[in-house]
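Visitor: my_file.txt is reproduced in full below (compact mmCIF, C-alpha atoms and all ligand atoms).
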# COMPACT_ATOMS: atom_id res chain seq x y z
CA MET O 1 134.17 66.13 99.31
CA THR O 2 131.51 64.38 101.42
CA ALA O 3 133.73 64.91 104.45
CA LEU O 4 134.07 68.60 103.59
CA LEU O 5 130.32 69.00 103.20
CA MET O 6 129.65 67.13 106.45
CA ALA O 7 132.09 69.45 108.18
CA ILE O 8 130.19 72.55 107.05
CA GLN O 9 126.69 71.39 108.07
CA PRO O 10 125.45 73.67 110.84
CA PRO O 11 123.69 71.49 113.46
CA SER O 12 120.39 73.43 113.17
CA VAL O 13 119.86 72.73 109.44
CA PRO O 14 116.62 70.81 108.93
CA ILE O 15 117.17 67.79 106.69
CA PRO O 16 114.62 67.79 103.82
CA ASP O 17 112.26 64.83 103.78
CA ARG O 18 114.04 62.36 101.53
CA GLN O 19 111.39 59.73 102.28
CA SER O 20 108.65 61.54 100.32
CA LYS O 21 107.15 59.88 97.26
CA CYS O 22 109.08 59.79 93.99
CA LEU O 23 107.12 61.92 91.48
CA ALA O 24 109.30 61.66 88.39
CA GLN O 25 111.87 59.03 87.65
CA LEU O 26 114.41 58.40 84.91
CA GLN O 27 116.13 55.02 84.92
CA ALA O 28 119.11 54.43 82.62
CA VAL O 29 117.62 56.86 80.09
CA SER O 30 119.39 57.54 76.81
CA LYS O 31 118.45 59.80 73.92
CA ASP O 32 119.66 59.68 70.33
CA TYR O 33 118.55 62.39 67.92
CA ALA O 34 118.40 61.70 64.18
CA VAL O 35 120.32 64.42 62.35
CA ARG O 36 119.56 65.78 58.89
CA SER O 37 122.97 64.88 57.49
CA GLY O 38 122.17 61.24 58.34
CA GLY O 39 123.09 59.16 61.41
CA THR O 40 122.35 60.08 65.00
CA VAL O 41 123.69 62.23 67.81
CA THR O 42 123.73 60.70 71.28
CA ALA O 43 122.55 63.49 73.56
CA LEU O 44 122.07 61.47 76.76
CA GLU O 45 123.60 58.29 78.04
CA ASP O 46 122.49 56.33 81.10
CA ILE O 47 120.68 59.09 83.01
CA SER O 48 119.07 57.98 86.27
CA LEU O 49 117.28 60.58 88.37
CA ASP O 50 114.57 60.47 91.04
CA VAL O 51 112.62 63.66 91.73
CA ARG O 52 110.69 63.51 94.99
CA GLU O 53 107.38 65.21 95.69
CA ASN O 54 107.87 68.86 96.81
CA GLU O 55 111.57 68.72 96.00
CA PHE O 56 113.39 71.60 94.23
CA VAL O 57 116.04 70.08 91.96
CA THR O 58 118.40 72.21 89.86
CA LEU O 59 120.15 70.83 86.80
CA VAL O 60 123.44 72.43 85.80
CA GLY O 61 126.04 71.64 83.12
CA PRO O 62 127.79 73.07 80.06
CA SER O 63 125.91 74.15 76.96
CA GLY O 64 124.84 71.20 74.80
CA CYS O 65 125.14 68.58 77.57
CA GLY O 66 121.45 67.66 77.31
CA LYS O 67 119.69 69.65 80.07
CA SER O 68 116.78 70.71 77.84
CA THR O 69 116.58 67.15 76.53
CA VAL O 70 116.20 65.82 80.09
CA LEU O 71 113.46 68.38 80.76
CA LYS O 72 111.59 67.56 77.55
CA ILE O 73 111.65 63.85 78.41
CA LEU O 74 110.41 64.61 81.94
CA GLY O 75 107.62 66.72 80.39
CA GLY O 76 106.56 63.98 77.94
CA ILE O 77 107.37 66.28 74.99
CA ILE O 78 109.90 63.83 73.52
CA ARG O 79 110.50 60.15 74.24
CA ALA O 80 113.67 58.56 75.53
CA SER O 81 115.46 56.23 73.11
CA GLY O 82 116.29 53.78 75.89
CA GLY O 83 115.60 53.25 79.59
CA THR O 84 112.46 54.04 81.58
CA HIS O 85 110.67 57.29 82.34
CA LEU O 86 107.93 57.24 84.96
CA PHE O 87 105.69 60.09 86.15
CA ASP O 88 103.73 59.36 89.30
CA GLY O 89 104.67 55.68 88.92
CA LYS O 90 103.41 55.37 85.33
CA PRO O 91 105.10 55.63 81.92
CA LEU O 92 104.55 59.03 80.27
CA ASP O 93 104.80 59.52 76.51
CA LYS O 94 102.81 62.70 75.98
CA PRO O 95 102.41 66.06 77.76
CA SER O 96 100.25 65.90 80.88
CA ARG O 97 98.11 68.52 82.62
CA GLU O 98 99.95 67.53 85.80
CA ILE O 99 103.14 69.06 84.36
CA GLY O 100 103.84 72.73 83.62
CA MET O 101 106.76 73.84 81.49
CA VAL O 102 108.57 77.17 81.22
CA PHE O 103 110.78 77.14 78.13
CA GLN O 104 114.18 78.76 77.56
CA ARG O 105 112.37 81.57 75.68
CA PRO O 106 108.95 82.88 76.76
CA VAL O 107 107.05 81.83 73.55
CA LEU O 108 103.97 83.95 74.22
CA LEU O 109 101.26 84.47 71.62
CA PRO O 110 102.07 87.99 70.31
CA TRP O 111 98.46 88.93 69.51
CA ARG O 112 97.14 87.99 72.98
CA ASN O 113 97.43 90.25 76.00
CA VAL O 114 98.97 89.14 79.30
CA LEU O 115 95.73 87.84 80.81
CA ASP O 116 94.76 85.93 77.66
CA ASN O 117 98.24 84.41 77.36
CA VAL O 118 97.99 83.20 80.98
CA LEU O 119 94.55 81.72 80.30
CA PHE O 120 95.62 80.03 77.05
CA PRO O 121 96.22 76.53 78.59
CA ILE O 122 92.75 76.64 80.18
CA GLU O 123 91.23 77.14 76.73
CA MET O 124 93.44 74.39 75.29
CA LEU O 125 92.29 71.99 78.01
CA GLY O 126 88.67 72.88 77.21
CA TRP O 127 88.06 74.13 80.75
CA ASN O 128 85.78 76.97 81.76
CA VAL O 129 87.81 80.18 81.40
CA ARG O 130 85.54 82.17 83.77
CA GLU O 131 86.17 79.70 86.57
CA HIS O 132 89.92 80.31 86.24
CA LEU O 133 89.87 84.10 85.94
CA ASP O 134 90.44 84.71 89.66
CA GLU O 135 93.38 82.32 89.70
CA ALA O 136 94.90 84.01 86.62
CA HIS O 137 94.62 87.42 88.34
CA ARG O 138 96.11 86.01 91.58
CA LEU O 139 99.12 84.63 89.68
CA ILE O 140 99.64 87.87 87.73
CA LYS O 141 99.68 89.72 91.07
CA LEU O 142 102.01 87.14 92.62
CA VAL O 143 104.65 87.78 89.95
CA GLY O 144 104.28 91.57 90.22
CA LEU O 145 102.45 92.21 86.92
CA SER O 146 99.21 93.73 88.24
CA GLY O 147 98.22 96.58 85.93
CA PHE O 148 99.73 94.86 82.86
CA GLU O 149 96.81 92.45 82.24
CA LYS O 150 95.87 94.16 78.97
CA ALA O 151 99.44 94.71 77.72
CA LEU O 152 100.69 92.82 74.67
CA PRO O 153 103.97 90.81 74.91
CA GLN O 154 105.79 93.38 72.72
CA GLU O 155 105.03 96.02 75.38
CA LEU O 156 106.85 94.00 78.08
CA SER O 157 110.53 93.49 78.89
CA GLY O 158 112.08 90.02 78.46
CA GLY O 159 111.91 89.40 82.22
CA MET O 160 108.24 90.46 82.35
CA GLN O 161 107.42 88.13 79.45
CA GLN O 162 109.10 85.28 81.30
CA ARG O 163 106.93 86.06 84.37
CA VAL O 164 103.87 85.71 82.13
CA SER O 165 105.08 82.29 80.98
CA ILE O 166 105.58 81.27 84.63
CA CYS O 167 101.93 82.23 85.31
CA ARG O 168 100.84 80.32 82.22
CA ALA O 169 102.65 77.20 83.46
CA LEU O 170 101.01 77.52 86.90
CA VAL O 171 97.43 78.47 86.02
CA TYR O 172 96.20 74.87 85.70
CA ASP O 173 97.93 73.94 88.98
CA PRO O 174 100.35 71.24 87.77
CA LYS O 175 102.13 69.01 90.29
CA LEU O 176 105.48 69.23 88.53
CA LEU O 177 106.98 72.47 87.22
CA LEU O 178 109.82 72.17 84.68
CA MET O 179 111.78 75.39 84.14
CA ASP O 180 114.41 75.63 81.41
CA GLU O 181 116.75 78.55 82.18
CA PRO O 182 113.77 80.83 82.70
CA PHE O 183 115.90 83.83 83.71
CA GLY O 184 118.36 83.67 80.80
CA ALA O 185 117.16 87.01 79.39
CA VAL O 186 117.15 89.10 82.56
CA ASP O 187 119.81 91.13 84.37
CA ALA O 188 121.52 89.88 87.54
CA MET O 189 119.37 91.92 89.94
CA THR O 190 116.05 90.93 88.40
CA ARG O 191 117.34 87.37 88.27
CA GLU O 192 117.84 87.31 92.03
CA GLU O 193 114.39 88.79 92.60
CA MET O 194 112.78 86.27 90.27
CA GLY O 195 114.64 83.41 91.97
CA LEU O 196 113.12 84.52 95.27
CA GLU O 197 109.72 84.75 93.59
CA VAL O 198 109.96 81.20 92.25
CA LEU O 199 110.94 79.97 95.72
CA ARG O 200 107.91 81.74 97.18
CA ILE O 201 105.58 80.17 94.59
CA TRP O 202 107.15 76.76 95.21
CA ARG O 203 106.67 77.14 98.98
CA GLU O 204 103.15 78.59 98.88
CA ARG O 205 101.83 76.17 96.27
CA ARG O 206 103.75 73.06 97.28
CA LYS O 207 105.09 72.26 93.83
CA THR O 208 107.83 69.94 92.72
CA VAL O 209 110.34 71.82 90.56
CA VAL O 210 113.13 70.82 88.17
CA PHE O 211 115.02 73.97 87.19
CA VAL O 212 117.78 74.21 84.57
CA THR O 213 120.41 76.92 84.96
CA HIS O 214 123.89 77.87 83.77
CA SER O 215 124.53 79.75 86.99
CA ILE O 216 126.32 77.79 89.71
CA PRO O 217 125.33 80.19 92.57
CA GLU O 218 121.71 80.09 91.38
CA SER O 219 121.78 76.28 91.26
CA VAL O 220 122.81 76.16 94.94
CA PHE O 221 120.63 79.05 96.08
CA LEU O 222 117.37 77.55 94.85
CA ALA O 223 117.88 73.84 95.38
CA ASP O 224 117.25 70.98 97.74
CA ARG O 225 119.52 69.08 95.38
CA VAL O 226 121.90 70.07 92.58
CA VAL O 227 122.43 67.64 89.71
CA VAL O 228 125.51 68.23 87.54
CA MET O 229 125.72 66.85 84.00
CA THR O 230 128.79 66.18 81.81
CA PRO O 231 129.25 67.44 78.23
CA ARG O 232 127.56 65.37 75.53
CA PRO O 233 126.72 62.56 75.75
CA GLY O 234 125.25 63.88 78.98
CA CYS O 235 125.36 61.82 82.12
CA ILE O 236 125.15 62.75 85.78
CA VAL O 237 128.43 63.32 87.63
CA LEU O 238 127.16 64.84 90.88
CA ASN O 239 123.92 64.59 92.83
CA LEU O 240 124.41 66.96 95.74
CA PRO O 241 121.81 67.55 98.52
CA ILE O 242 121.84 71.19 99.70
CA ASP O 243 121.08 71.37 103.39
CA LEU O 244 120.93 75.16 103.73
CA PRO O 245 118.07 76.51 105.85
CA ARG O 246 114.86 77.79 104.26
CA PRO O 247 113.56 80.33 103.49
CA ARG O 248 116.70 81.26 101.59
CA THR O 249 117.92 84.85 101.66
CA ILE O 250 120.34 86.63 99.31
CA ASP O 251 122.90 87.19 102.11
CA MET O 252 123.28 83.39 102.51
CA GLU O 253 125.40 83.51 99.37
CA PHE O 254 128.20 85.06 101.43
CA THR O 255 128.36 82.26 104.02
CA PRO O 256 131.17 79.64 104.05
CA GLU O 257 128.52 76.87 103.80
CA PHE O 258 127.14 78.34 100.56
CA LYS O 259 130.63 78.82 99.14
CA ALA O 260 131.57 75.19 99.90
CA TYR O 261 128.49 73.94 98.04
CA ALA O 262 129.16 76.25 95.08
CA ASP O 263 132.82 75.10 94.99
CA ALA O 264 131.71 71.44 94.97
CA VAL O 265 129.34 72.11 92.03
CA ARG O 266 131.99 74.17 90.20
CA GLY O 267 134.55 71.39 90.71
CA ALA O 268 132.18 68.81 89.20
CA VAL O 269 131.29 71.06 86.24
CA TYR O 270 134.92 71.85 85.39
CA SER O 271 136.35 68.38 85.97
CA SER O 272 133.70 66.93 83.65
CA LYS O 273 134.55 69.61 81.06
CA ARG O 274 138.25 68.75 81.24
CA SER O 275 137.73 65.02 80.88
CA ALA O 276 135.35 65.48 77.90
N1 LIG U 1 116.02 68.22 67.78
C1 LIG U 1 117.32 67.89 67.79
N2 LIG U 1 117.89 67.28 66.71
C2 LIG U 1 119.20 66.93 66.72
N3 LIG U 1 120.03 67.16 67.75
C3 LIG U 1 119.54 67.76 68.83
C4 LIG U 1 118.16 68.18 68.90
N4 LIG U 1 117.95 68.76 70.11
C5 LIG U 1 119.13 68.71 70.74
N5 LIG U 1 120.08 68.13 69.99
C6 LIG U 1 121.48 67.89 70.36
O1 LIG U 1 121.48 67.26 71.64
C7 LIG U 1 122.49 67.81 72.47
C8 LIG U 1 121.85 68.32 73.76
O2 LIG U 1 120.99 69.41 73.46
P1 LIG U 1 120.19 70.19 74.60
O3 LIG U 1 119.39 71.25 73.93
O4 LIG U 1 119.46 69.20 75.42
O5 LIG U 1 121.40 70.80 75.46
P2 LIG U 1 121.39 71.87 76.65
O6 LIG U 1 122.23 71.30 77.73
O7 LIG U 1 120.00 72.24 76.98
O8 LIG U 1 122.16 73.11 75.99
P3 LIG U 1 122.02 74.68 76.33
O9 LIG U 1 122.61 74.87 77.68
O10 LIG U 1 122.82 75.35 75.25
O11 LIG U 1 120.56 75.05 76.27
C9 LIG U 1 123.18 68.89 71.65
O12 LIG U 1 124.39 68.37 71.17
C10 LIG U 1 122.24 69.20 70.52
O13 LIG U 1 122.95 69.47 69.35
MG MG U 2 118.93 74.05 76.83
Is it possible to give me this structure as structure tokens?
Guide:
Amino acid sequence: MTALLMAIQPPSVPIPDRQSKCLAQLQAVSKDYAVRSGGTVTALEDISLDVRENEFVTLVGPSGCGKSTVLKILGGIIRASGGTHLFDGKPLDKPSREIGMVFQRPVLLPWRNVLDNVLFPIEMLGWNVREHLDEAHRLIKLVGLSGFEKALPQELSGGMQQRVSICRALVYDPKLLLMDEPFGAVDAMTREEMGLEVLRIWRERRKTVVFVTHSIPESVFLADRVVVMTPRPGCIVLNLPIDLPRPRTIDMEFTPEFKAYADAVRGAVYSSKRSA
């Protein structure tokens, strides 16, 4: 496969900076969950992953393979059962203001309007809300929700609610953005638009992103690197750098280079499913 991928590299493709600093690191991480019927479920086994500063990593794999578990460990929401987890070179065992998280479902506060939902983390951090008002308005505009500042979550579509949660994760300017299938509830067209929006935010604000998705084309389209996980207990079967030019455009999906990457990811997903 490496030979195939080398053969499809156009000579002009800039190679992303793989020398940049490692921002988040998992070394031989495992995770066992206690289950109510007694005993444990091993969700992850021997996961090692380096996420470099400014990198866009996508995580793909079948349902239940442990993608959300990896994200929650990276976010300091849950602890690994074994192995090491470092953020910015230090162990992390609780959520950090340097990390923003967008969950699989938007989880907005239903009684707060869009603006107040976006500003919620600022209040939680005990920061001055007035000083962050301009930033909240800038983010709302960036995701195309100007005019909806006073709307309640119930007055928004699923995709619009997810945009609010993206703003909420960005308002305190975290270094690392963890996104767990953020476009699960939106149609294919909106999904493409939102993918482009996330890429724009990532580029303009120089974030590091780990993004979980079920969609193989989306995993290639967004990423500097695609990581494929096996069914439970999850481990990593493919760590594939994507050397497609940036900025990415929708029509790239029709190129032979894109198709070869998507085929390589698909091959890894399905071979791991078969051998499970
Ligand atoms: N709190 C928990 N208690 C017990 N088992 C859990 C818990 N959370 C997750 N698991 C188990 O760990 C495994 C991995 O779950 P996880 O949610 O990380 O998978 P996933 O890859 O994100 O799945 P999906 O694609 O469906 O969102 C599953 O088998 C699940 O049953
Ligand atoms: Mg999940």
Visitor: Give the residue list for ligand LIG 1 (chain U) at 8 Å, counting all atoms listed in the file, as an NGL selection string, sorted by chain and then by residue number.
Guide: :O and (32-36 or 40-44 or 61-70 or 104 or 180-181 or 213-214 or 232-234)
Visitor: So which residues touch Phe258 of chain O within 12 Å, counting all atoms listed in the file, skipping near sequence neighbours fewer than 6 positions away, as a PyMOL selection string?
Guide: chain O and resi 5+8-10+216-223+242-245+248-252+264-265
Visitor: If you count only C-alpha atoms, which residues fall within 12 Å of Trp202 of chain O, apart from same-chain ones fewer than 2 positions away, as a PDB file with C-alpha atoms, in the coordinates of the input?
Guide:
ATOM      1  CA  GLU O  53     107.380  65.210  95.690  1.00  0.00           C
ATOM      2  CA  ASN O  54     107.870  68.860  96.810  1.00  0.00           C
ATOM      3  CA  GLU O  55     111.570  68.720  96.000  1.00  0.00           C
ATOM      4  CA  PHE O  56     113.390  71.600  94.230  1.00  0.00           C
ATOM      5  CA  VAL O  57     116.040  70.080  91.960  1.00  0.00           C
ATOM      6  CA  LEU O 142     102.010  87.140  92.620  1.00  0.00           C
ATOM      7  CA  ILE O 166     105.580  81.270  84.630  1.00  0.00           C
ATOM      8  CA  LEU O 170     101.010  77.520  86.900  1.00  0.00           C
ATOM      9  CA  ASP O 173      97.930  73.940  88.980  1.00  0.00           C
ATOM     10  CA  PRO O 174     100.350  71.240  87.770  1.00  0.00           C
ATOM     11  CA  LYS O 175     102.130  69.010  90.290  1.00  0.00           C
ATOM     12  CA  LEU O 176     105.480  69.230  88.530  1.00  0.00           C
ATOM     13  CA  LEU O 177     106.980  72.470  87.220  1.00  0.00           C
ATOM     14  CA  LEU O 178     109.820  72.170  84.680  1.00  0.00           C
ATOM     15  CA  GLY O 195     114.640  83.410  91.970  1.00  0.00           C
ATOM     16  CA  LEU O 196     113.120  84.520  95.270  1.00  0.00           C
ATOM     17  CA  GLU O 197     109.720  84.750  93.590  1.00  0.00           C
ATOM     18  CA  VAL O 198     109.960  81.200  92.250  1.00  0.00           C
ATOM     19  CA  LEU O 199     110.940  79.970  95.720  1.00  0.00           C
ATOM     20  CA  ARG O 200     107.910  81.740  97.180  1.00  0.00           C
ATOM     21  CA  GLU O 204     103.150  78.590  98.880  1.00  0.00           C
ATOM     22  CA  ARG O 205     101.830  76.170  96.270  1.00  0.00           C
ATOM     23  CA  ARG O 206     103.750  73.060  97.280  1.00  0.00           C
ATOM     24  CA  LYS O 207     105.090  72.260  93.830  1.00  0.00           C
ATOM     25  CA  THR O 208     107.830  69.940  92.720  1.00  0.00           C
ATOM     26  CA  VAL O 209     110.340  71.820  90.560  1.00  0.00           C
ATOM     27  CA  VAL O 210     113.130  70.820  88.170  1.00  0.00           C
ATOM     28  CA  PHE O 211     115.020  73.970  87.190  1.00  0.00           C
ATOM     29  CA  LEU O 222     117.370  77.550  94.850  1.00  0.00           C
ATOM     30  CA  ALA O 223     117.880  73.840  95.380  1.00  0.00           C
ATOM     31  CA  ASP O 224     117.250  70.980  97.740  1.00  0.00           C
ATOM     32  CA  ARG O 246     114.860  77.790 104.260  1.00  0.00           C
ATOM     33  CA  PRO O 247     113.560  80.330 103.490  1.00  0.00           C
TER      34      PRO O 247
END
Visitor: Using all atoms listed in the file, pick whichever of O:Leu71, O:Ala151, O:Val107, O:Ala80 has the shortest atom-to-atom distance to ligand MG 2 (chain U).
Guide: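 Counting all atoms listed in the file, the residue closest to ligand MG 2 (chain U) is O:Leu71.
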Visitor: Using only C-alpha atoms and all ligand atoms, can you tell me which of O:Phe120, O:Leu240, O:Val60, O:Pro95 comes closest to ligand MG 2 (chain U)?
Guide: O:Val60
Visitor: With distances taken over only C-alpha atoms and all ligand atoms, which residue among O:Val164, O:Leu139, O:Val212, O:Ala24 lies nearest ligand MG 2 (chain U)?
Guide: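 Among the listed residues, O:Val212 lies closest to ligand MG 2 (chain U).
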Visitor: Could you jot down the atom CA of Leu74 of chain O to atom CA of Ser272 of chain O separation for me, Å, one decimal place?
Guide: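 Rounded to one decimal, the two atoms are 23.5 Å apart.
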Visitor: To one decimal place in Å, what is the distance between atom CA of Val228 of chain O and atom CA of Leu59 of chain O?
Guide: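 Separation of atom CA of Val228 of chain O and atom CA of Leu59 of chain O: 6.0 Å.
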Visitor: Once 8 Å is added on each side, what centre and edge lengths in Å to one decimal does the axis-aligned box around all listed atoms of segment 99-103 of chain O have, as AutoDock Vina command-line options?
Guide:
--center_x 107.0 --center_y 73.1 --center_z 81.2 --size_x 23.6 --size_y 24.1 --size_z 22.2
Visitor: Write out as a PyMOL selection string each polymer residue whose atoms come within 12 Å of Val186 of chain O, counting only C-alpha atoms; drop sequence neighbours fewer than 6 positions from it.
Guide: chain O and resi 104-106+157-163+192-195
Visitor: Given the choices O:Asp93, O:Ser20, O:Val102, O:Ala28, which gets closest to ligand MG 2 (chain U) if the distance is worked out from all atoms listed in the file?
Guide: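 Of the candidates, the smallest distance to ligand MG 2 (chain U) is held by O:Val102.
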Visitor: Considering all atoms listed in the file, state which residue in the set O:Glu45, O:Glu253, O:Asp50, O:Lys31 is at the smallest distance from Asp88 of chain O.
Guide: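 Smallest distance to Asp88 of chain O is found for O:Asp50.
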Visitor: Find the distance between atom CA of Leu145 of chain O and atom CA of Met101 of chain O and write it in Å to one decimal.
Guide: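 For atom CA of Leu145 of chain O relative to atom CA of Met101 of chain O, the distance reads 19.6 Å.
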Visitor: For Asn117 of chain O, please output as a list in words all residues within 8 Å (counting only C-alpha atoms; exclusion window: fewer than 5 positions along the same chain).
Guide: Leu108, Leu109, Arg112, Val164 and Arg168 of chain O
Visitor: I need the residues from that last selection saved to file as a compact mmCIF listing (two decimals), keeping the file's coordinate frame (with C-alpha atoms), if you can.
Guide:
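Output below, filename selection.txt:
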# COMPACT_ATOMS: atom_id res chain seq x y z
CA LEU O 108 103.97 83.95 74.22
CA LEU O 109 101.26 84.47 71.62
CA ARG O 112 97.14 87.99 72.98
CA VAL O 164 103.87 85.71 82.13
CA ARG O 168 100.84 80.32 82.22
Visitor: With all atoms listed in the file as the basis for distance, which of O:Gly184, O:Gly83, O:Gly38, O:Pro121 is at the shortest distance from ligand MG 2 (chain U)?
Guide: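 The answer is O:Gly184, which sits nearest to ligand MG 2 (chain U).
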